[in-house]
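> What follows is structure.cif, mmCIF, C-alpha atoms and all ligand atoms.
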data_final
#
loop_
_atom_site.group_PDB
_atom_site.id
_atom_site.type_symbol
_atom_site.label_atom_id
_atom_site.label_comp_id
_atom_site.auth_asym_id
_atom_site.auth_seq_id
_atom_site.Cartn_x
_atom_site.Cartn_y
_atom_site.Cartn_z
ATOM 1 C CA MET A 101 19.838 95.312 26.309
ATOM 2 C CA ALA A 102 20.597 98.657 27.976
ATOM 3 C CA LEU A 103 22.617 98.681 31.180
ATOM 4 C CA ARG A 104 20.839 99.914 34.314
ATOM 5 C CA VAL A 105 22.602 101.213 37.438
ATOM 6 C CA VAL A 106 20.440 100.845 40.532
ATOM 7 C CA SER A 107 20.614 101.308 44.286
ATOM 8 C CA ILE A 108 19.951 98.042 46.079
ATOM 9 C CA PRO A 109 18.709 97.683 49.660
ATOM 10 C CA HIS A 110 20.890 95.823 52.132
ATOM 11 C CA GLY A 111 19.633 92.326 52.921
ATOM 12 C CA GLY A 112 17.336 91.932 49.871
ATOM 13 C CA PRO A 113 17.646 89.484 46.961
ATOM 14 C CA ALA A 114 19.581 91.937 44.749
ATOM 15 C CA TRP A 115 22.078 92.528 47.563
ATOM 16 C CA ARG A 116 22.481 88.728 47.956
ATOM 17 C CA GLU A 117 23.278 88.493 44.233
ATOM 18 C CA ALA A 118 25.765 91.321 44.635
ATOM 19 C CA VAL A 119 27.424 89.545 47.584
ATOM 20 C CA ALA A 120 27.698 86.392 45.431
ATOM 21 C CA LEU A 121 29.418 88.364 42.631
ATOM 22 C CA ARG A 122 31.795 90.022 45.129
ATOM 23 C CA HIS A 123 32.548 86.627 46.653
ATOM 24 C CA GLU A 124 33.336 85.061 43.251
ATOM 25 C CA LEU A 125 35.665 87.888 42.211
ATOM 26 C CA LEU A 126 37.223 89.211 45.374
ATOM 27 C CA ARG A 127 37.235 86.478 48.039
ATOM 28 C CA LYS A 128 37.034 82.998 46.483
ATOM 29 C CA PRO A 129 40.288 83.416 44.491
ATOM 30 C CA LEU A 130 42.016 84.210 47.808
ATOM 31 C CA GLY A 131 40.491 81.180 49.547
ATOM 32 C CA LEU A 132 38.431 83.515 51.759
ATOM 33 C CA ALA A 133 34.731 84.010 52.526
ATOM 34 C CA PHE A 134 32.642 86.824 53.996
ATOM 35 C CA ALA A 135 31.706 86.360 57.644
ATOM 36 C CA GLU A 136 27.985 86.838 58.380
ATOM 37 C CA GLU A 137 28.855 89.527 60.948
ATOM 38 C CA GLN A 138 30.834 91.426 58.316
ATOM 39 C CA LEU A 139 27.852 91.239 55.920
ATOM 40 C CA ARG A 140 25.456 92.440 58.640
ATOM 41 C CA ARG A 141 27.653 95.491 59.232
ATOM 42 C CA GLU A 142 27.176 96.438 55.569
ATOM 43 C CA CYS A 143 23.686 97.663 56.545
ATOM 44 C CA GLU A 144 25.287 101.082 57.116
ATOM 45 C CA ALA A 145 26.503 101.266 53.498
ATOM 46 C CA LEU A 146 24.957 102.406 50.206
ATOM 47 C CA HIS A 147 24.841 99.486 47.771
ATOM 48 C CA TYR A 148 24.720 99.654 43.967
ATOM 49 C CA ALA A 149 24.499 97.201 41.078
ATOM 50 C CA VAL A 150 24.571 97.283 37.294
ATOM 51 C CA TYR A 151 22.105 95.021 35.488
ATOM 52 C CA ASP A 152 22.054 93.902 31.895
ATOM 53 C CA GLY A 153 18.448 92.771 31.622
ATOM 54 C CA ASP A 154 17.961 90.436 34.599
ATOM 55 C CA ALA A 155 21.663 89.660 34.988
ATOM 56 C CA ILE A 156 23.838 91.464 37.546
ATOM 57 C CA VAL A 157 27.100 92.469 35.847
ATOM 58 C CA ALA A 158 28.763 94.748 38.449
ATOM 59 C CA THR A 159 28.468 95.912 42.024
ATOM 60 C CA ALA A 160 30.160 97.986 44.739
ATOM 61 C CA PHE A 161 29.224 99.868 47.890
ATOM 62 C CA LEU A 162 29.952 103.138 49.688
ATOM 63 C CA GLN A 163 30.603 103.109 53.398
ATOM 64 C CA PRO A 164 30.179 106.486 55.114
ATOM 65 C CA LEU A 165 33.296 107.349 57.169
ATOM 66 C CA ASP A 166 32.146 110.729 58.472
ATOM 67 C CA ALA A 167 29.926 113.622 57.309
ATOM 68 C CA GLU A 168 32.187 114.365 54.339
ATOM 69 C CA ARG A 169 33.820 111.108 53.265
ATOM 70 C CA VAL A 170 32.691 107.751 51.922
ATOM 71 C CA GLN A 171 34.848 104.691 51.311
ATOM 72 C CA LEU A 172 34.308 102.863 48.041
ATOM 73 C CA ARG A 173 34.457 99.129 48.731
ATOM 74 C CA GLN A 174 34.523 95.845 46.849
ATOM 75 C CA MET A 175 34.125 97.097 43.305
ATOM 76 C CA ALA A 176 33.540 94.066 41.089
ATOM 77 C CA VAL A 177 32.661 93.754 37.399
ATOM 78 C CA ALA A 178 31.821 90.257 36.065
ATOM 79 C CA PRO A 179 34.929 88.882 34.315
ATOM 80 C CA ALA A 180 33.266 88.540 30.888
ATOM 81 C CA ARG A 181 32.158 92.188 31.103
ATOM 82 C CA GLN A 182 35.393 93.878 32.230
ATOM 83 C CA THR A 183 37.057 96.700 30.225
ATOM 84 C CA GLN A 184 33.772 97.553 28.478
ATOM 85 C CA GLY A 185 33.129 100.771 30.410
ATOM 86 C CA ILE A 186 30.873 99.206 33.065
ATOM 87 C CA GLY A 187 33.182 100.049 35.975
ATOM 88 C CA ARG A 188 33.347 103.653 34.792
ATOM 89 C CA LEU A 189 29.533 103.758 34.476
ATOM 90 C CA LEU A 190 29.012 102.331 37.973
ATOM 91 C CA LEU A 191 31.591 104.460 39.760
ATOM 92 C CA GLY A 192 30.386 107.637 37.986
ATOM 93 C CA HIS A 193 26.841 106.925 39.182
ATOM 94 C CA MET A 194 28.054 106.245 42.737
ATOM 95 C CA GLU A 195 30.094 109.449 42.854
ATOM 96 C CA GLU A 196 27.085 111.447 41.647
ATOM 97 C CA ASP A 197 24.862 109.858 44.280
ATOM 98 C CA ALA A 198 27.436 110.543 46.998
ATOM 99 C CA ARG A 199 27.748 114.164 45.866
ATOM 100 C CA ARG A 200 23.952 114.563 45.880
ATOM 101 C CA ARG A 201 23.899 113.236 49.454
ATOM 102 C CA GLY A 202 26.404 115.910 50.508
ATOM 103 C CA TYR A 203 29.636 113.917 50.635
ATOM 104 C CA ARG A 204 32.797 115.690 49.474
ATOM 105 C CA GLN A 205 35.329 112.907 48.998
ATOM 106 C CA VAL A 206 35.563 109.241 47.987
ATOM 107 C CA VAL A 207 38.471 107.166 49.298
ATOM 108 C CA ALA A 208 39.328 103.559 48.492
ATOM 109 C CA GLU A 209 41.873 100.864 49.261
ATOM 110 C CA ALA A 210 42.793 100.076 45.656
ATOM 111 C CA ARG A 211 44.381 96.830 44.611
ATOM 112 C CA VAL A 212 47.556 97.804 42.768
ATOM 113 C CA SER A 213 46.308 95.600 39.893
ATOM 114 C CA ALA A 214 43.321 97.984 39.552
ATOM 115 C CA LEU A 215 45.171 101.240 40.323
ATOM 116 C CA GLY A 216 45.185 102.280 36.645
ATOM 117 C CA PHE A 217 41.384 102.148 36.612
ATOM 118 C CA TYR A 218 41.095 104.592 39.527
ATOM 119 C CA LEU A 219 43.743 106.934 38.102
ATOM 120 C CA LYS A 220 41.830 107.036 34.778
ATOM 121 C CA LEU A 221 38.725 108.072 36.713
ATOM 122 C CA GLY A 222 40.465 111.015 38.390
ATOM 123 C CA TYR A 223 41.577 109.423 41.672
ATOM 124 C CA GLU A 224 44.939 110.284 43.222
ATOM 125 C CA ALA A 225 47.106 107.669 44.885
ATOM 126 C CA GLU A 226 48.655 108.498 48.235
ATOM 127 C CA GLY A 227 51.040 106.843 50.633
ATOM 128 C CA ASP A 228 52.986 103.652 50.157
ATOM 129 C CA VAL A 229 51.941 100.310 48.763
ATOM 130 C CA TYR A 230 50.980 97.945 51.610
ATOM 131 C CA ASP A 231 49.743 94.393 51.982
ATOM 132 C CA HIS A 232 46.053 93.679 52.556
ATOM 133 C CA LEU A 233 44.662 90.130 52.294
ATOM 134 C CA GLY A 234 48.000 89.107 50.797
ATOM 135 C CA LEU A 235 47.718 91.547 47.866
ATOM 136 C CA PRO A 236 49.483 94.899 47.299
ATOM 137 C CA HIS A 237 47.141 97.855 47.869
ATOM 138 C CA ARG A 238 47.368 101.620 47.861
ATOM 139 C CA TRP A 239 44.952 104.272 49.145
ATOM 140 C CA VAL A 240 43.330 106.488 46.516
ATOM 141 C CA ARG A 241 41.055 109.501 46.888
ATOM 142 C CA LYS A 242 38.954 111.848 44.771
ATOM 143 C CA ASN A 243 37.290 115.097 45.736
ATOM 144 C CA LEU A 244 33.682 115.426 44.603
ATOM 145 C CA ILE A 245 33.173 118.874 43.145
HETATM 146 C C1 LIG B 301 38.916 97.001 38.159
HETATM 147 C C2 LIG B 301 37.489 96.957 37.596
HETATM 148 C C3 LIG B 301 36.485 97.330 38.672
HETATM 149 C C4 LIG B 301 37.389 97.970 36.431
HETATM 150 O O1 LIG B 301 36.103 97.903 35.842
HETATM 151 P P1 LIG B 301 35.957 97.765 34.243
HETATM 152 O O2 LIG B 301 34.524 97.761 33.886
HETATM 153 O O3 LIG B 301 36.759 96.588 33.822
HETATM 154 O O4 LIG B 301 36.669 99.115 33.766
HETATM 155 P P2 LIG B 301 36.236 100.130 32.577
HETATM 156 O O5 LIG B 301 36.006 99.329 31.337
HETATM 157 O O6 LIG B 301 35.121 100.995 33.033
HETATM 158 O O7 LIG B 301 37.605 100.949 32.448
HETATM 159 C C5 LIG B 301 37.724 102.350 32.514
HETATM 160 C C6 LIG B 301 39.150 102.681 32.134
HETATM 161 O O8 LIG B 301 40.054 102.078 33.088
HETATM 162 C C7 LIG B 301 40.947 101.184 32.422
HETATM 163 N N1 LIG B 301 41.138 100.009 33.275
HETATM 164 C C8 LIG B 301 40.200 99.107 33.656
HETATM 165 N N2 LIG B 301 40.735 98.180 34.470
HETATM 166 C C9 LIG B 301 42.041 98.513 34.591
HETATM 167 C C10 LIG B 301 43.129 97.924 35.301
HETATM 168 N N3 LIG B 301 42.963 96.829 36.077
HETATM 169 N N4 LIG B 301 44.335 98.526 35.223
HETATM 170 C C11 LIG B 301 44.526 99.634 34.456
HETATM 171 N N5 LIG B 301 43.514 100.242 33.756
HETATM 172 C C12 LIG B 301 42.297 99.673 33.830
HETATM 173 C C13 LIG B 301 40.268 100.805 31.125
HETATM 174 O O9 LIG B 301 41.181 100.396 30.154
HETATM 175 C C14 LIG B 301 39.556 102.095 30.778
HETATM 176 O O10 LIG B 301 40.457 103.006 30.191
HETATM 177 P P3 LIG B 301 40.075 103.850 28.847
HETATM 178 O O11 LIG B 301 39.028 104.830 29.293
HETATM 179 O O12 LIG B 301 41.360 104.467 28.438
HETATM 180 O O13 LIG B 301 39.520 102.847 27.881
HETATM 181 C C15 LIG B 301 37.154 95.548 37.035
HETATM 182 O O14 LIG B 301 38.055 95.219 36.001
HETATM 183 C C16 LIG B 301 37.168 94.438 38.067
HETATM 184 O O15 LIG B 301 36.118 94.134 38.674
HETATM 185 N N6 LIG B 301 38.326 93.772 38.287
HETATM 186 C C17 LIG B 301 38.455 92.624 39.185
HETATM 187 C C18 LIG B 301 38.144 92.975 40.635
HETATM 188 C C19 LIG B 301 38.953 94.143 41.138
HETATM 189 O O16 LIG B 301 40.170 94.205 40.981
HETATM 190 N N7 LIG B 301 38.239 95.096 41.757
HETATM 191 C C20 LIG B 301 38.850 96.294 42.295
HETATM 192 C C21 LIG B 301 39.342 96.036 43.658
HETATM 193 S S1 LIG B 301 40.148 97.497 44.323
#
Hey, can you dump this file as structure tokens for me?


Amino acid sequence: MALRVVSIPHGGPAWREAVALRHELLRKPLGLAFAEEQLRRECEALHYAVYDGDAIVATAFLQPLDAERVQLRQMAVAPARQTQGIGRLLLGHMEEDARRRGYRQVVAEARVSALGFYLKLGYEAEGDVYDHLGLPHRWVRKNLI
């Protein structure tokens, strides 16, 4: 089955599935959960998912920071589907969409465990490693040209 990258509207069933995948990968292992208020605020973001047939296999969203910059947030690829090029496919699609919408730069708070992924995709790390949610993170950025 071919992979499909799609935009998903905030609040709909696909977004709920995406939230469930993000919860499983990014919050549950830390003993955390998303607050409803936090999820409501995501209405300002652009949400994306990758489907293999009917199954969601990856998701992430872009939060506009200003007229030129978006923040990539909560990138998650289903564990059984990691390191098969799906993250690259999703992020490439998101960057292209951001560029088409007039944004010039993507920034992200990268987990140090995933830093190599962002560097492979042309992101530059900046500043020191810091703690966020009990995990080491570092800011990364990429100019959209
Ligand atoms: C990090 C993540 C999004 C990457 O997605 P993916 O589909 O596994 O990555 P891809 O297969 O597209 O990898 C693209 C390249 O990055 C490399 N890469 C992927 N994950 C990496 C990692 N954690 N560290 C170093 N390199 C990594 C791959 O080896 C590949 O390199 P190649 O082109 O030389 O083969 C995914 O593994 C994931 O969801 N991890 C758990 C949650 C997480 O950490 N999210 C990020 C929070 S900031």

> With 6 Å as the threshold, what does the neighbourhood of (38.5, 107.6, 44.4) contain in terms of residues, counting only C-alpha atoms? Coordinates are those of the file; answer as a VMD selection string.

chain A and resid 206 to 208 223 240 to 242

> In Å, rounded to a single decimal, give me how far CA of Val212 (chain A) is from atom C19 of ligand LIG 301 (chain B).

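CA of Val212 (chain A) lies at a distance of 9.5 Å from atom C19 of ligand LIG 301 (chain B).
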
> Can you pull out every residue with an atom within 9 Å of ligand LIG 301 (chain B)? Use all atoms listed in the file and format it as an MDAnalysis selection string.

chainID A and resid 122 125:126 158:160 172:179 181:191 208:221 237

> Have a look at CA of Glu196 (chain A) and CA of Ala149 (chain A) and let me know their distance in Å, one decimal.

14.5 Å

> In Å to one decimal, how far is CA of Gln163 (chain A) from CA of Arg140 (chain A)?

13.0 Å

> Determine the nearest neighbour of His123 (chain A) from the options A:Leu165, A:Val170, A:Leu139, A:Gln205, counting only C-alpha atoms.

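The answer is A:Leu139, which sits nearest to His123 (chain A).
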
> Can you put N, CA and C atoms back into region 112-147 of chain A and show it as a short mmCIF file (atom, residue, chain, number, x, y, z; two decimals), keeping the file's coordinate frame?


data_model
loop_
_atom_site.label_atom_id
_atom_site.label_comp_id
_atom_site.auth_asym_id
_atom_site.auth_seq_id
_atom_site.Cartn_x
_atom_site.Cartn_y
_atom_site.Cartn_z
N GLY A 112 18.32 92.44 50.84
CA GLY A 112 17.34 91.93 49.87
C GLY A 112 17.97 90.98 48.86
N PRO A 113 17.14 90.45 47.94
CA PRO A 113 17.65 89.48 46.96
C PRO A 113 18.71 90.06 46.03
N ALA A 114 18.58 91.33 45.64
CA ALA A 114 19.58 91.94 44.75
C ALA A 114 20.92 92.06 45.48
N TRP A 115 20.85 92.43 46.76
CA TRP A 115 22.08 92.53 47.56
C TRP A 115 22.75 91.15 47.69
N ARG A 116 21.93 90.09 47.87
CA ARG A 116 22.48 88.73 47.96
C ARG A 116 23.22 88.37 46.67
N GLU A 117 22.63 88.75 45.53
CA GLU A 117 23.28 88.49 44.23
C GLU A 117 24.59 89.26 44.15
N ALA A 118 24.56 90.48 44.65
CA ALA A 118 25.76 91.32 44.64
C ALA A 118 26.85 90.70 45.52
N VAL A 119 26.46 90.20 46.69
CA VAL A 119 27.42 89.54 47.58
C VAL A 119 28.04 88.33 46.88
N ALA A 120 27.20 87.58 46.14
CA ALA A 120 27.70 86.39 45.43
C ALA A 120 28.73 86.80 44.37
N LEU A 121 28.46 87.89 43.65
CA LEU A 121 29.42 88.36 42.63
C LEU A 121 30.72 88.83 43.30
N ARG A 122 30.59 89.57 44.41
CA ARG A 122 31.80 90.02 45.13
C ARG A 122 32.59 88.83 45.66
N HIS A 123 31.86 87.81 46.15
CA HIS A 123 32.55 86.63 46.65
C HIS A 123 33.34 85.95 45.53
N GLU A 124 32.69 85.74 44.38
CA GLU A 124 33.34 85.06 43.25
C GLU A 124 34.62 85.78 42.83
N LEU A 125 34.55 87.13 42.76
CA LEU A 125 35.66 87.89 42.21
C LEU A 125 36.74 88.24 43.22
N LEU A 126 36.30 88.56 44.44
CA LEU A 126 37.22 89.21 45.37
C LEU A 126 37.64 88.34 46.56
N ARG A 127 36.90 87.30 46.88
CA ARG A 127 37.24 86.48 48.04
C ARG A 127 37.61 85.05 47.67
N LYS A 128 36.78 84.40 46.83
CA LYS A 128 37.03 83.00 46.48
C LYS A 128 38.44 82.77 45.93
N PRO A 129 38.92 83.64 45.01
CA PRO A 129 40.29 83.42 44.49
C PRO A 129 41.36 83.48 45.57
N LEU A 130 41.05 84.11 46.71
CA LEU A 130 42.02 84.21 47.81
C LEU A 130 41.79 83.11 48.85
N GLY A 131 40.82 82.23 48.58
CA GLY A 131 40.49 81.18 49.55
C GLY A 131 39.80 81.74 50.78
N LEU A 132 39.10 82.86 50.62
CA LEU A 132 38.43 83.52 51.76
C LEU A 132 36.92 83.54 51.54
N ALA A 133 36.19 83.86 52.61
CA ALA A 133 34.73 84.01 52.53
C ALA A 133 34.32 85.17 53.41
N PHE A 134 33.16 85.76 53.13
CA PHE A 134 32.64 86.82 54.00
C PHE A 134 32.05 86.20 55.26
N ALA A 135 32.34 86.80 56.40
CA ALA A 135 31.71 86.36 57.64
C ALA A 135 30.32 87.01 57.71
N GLU A 136 29.36 86.29 58.28
CA GLU A 136 27.98 86.84 58.38
C GLU A 136 27.97 88.17 59.12
N GLU A 137 28.81 88.28 60.17
CA GLU A 137 28.86 89.53 60.95
C GLU A 137 29.31 90.70 60.08
N GLN A 138 30.31 90.42 59.25
CA GLN A 138 30.83 91.43 58.32
C GLN A 138 29.72 91.87 57.36
N LEU A 139 28.93 90.92 56.86
CA LEU A 139 27.85 91.24 55.92
C LEU A 139 26.74 92.02 56.63
N ARG A 140 26.48 91.69 57.89
CA ARG A 140 25.46 92.44 58.64
C ARG A 140 25.86 93.90 58.80
N ARG A 141 27.18 94.11 59.03
CA ARG A 141 27.65 95.49 59.23
C ARG A 141 27.50 96.34 57.97
N GLU A 142 27.35 95.69 56.82
CA GLU A 142 27.18 96.44 55.57
C GLU A 142 25.83 97.17 55.52
N CYS A 143 25.00 96.99 56.55
CA CYS A 143 23.69 97.66 56.54
C CYS A 143 23.86 99.17 56.61
N GLU A 144 25.06 99.63 57.04
CA GLU A 144 25.29 101.08 57.12
C GLU A 144 25.73 101.67 55.78
N ALA A 145 25.94 100.81 54.78
CA ALA A 145 26.50 101.27 53.50
C ALA A 145 25.41 101.48 52.44
N LEU A 146 25.82 102.19 51.38
CA LEU A 146 24.96 102.41 50.21
C LEU A 146 25.41 101.42 49.14
N HIS A 147 24.49 100.56 48.70
CA HIS A 147 24.84 99.49 47.77
C HIS A 147 24.29 99.77 46.37
#
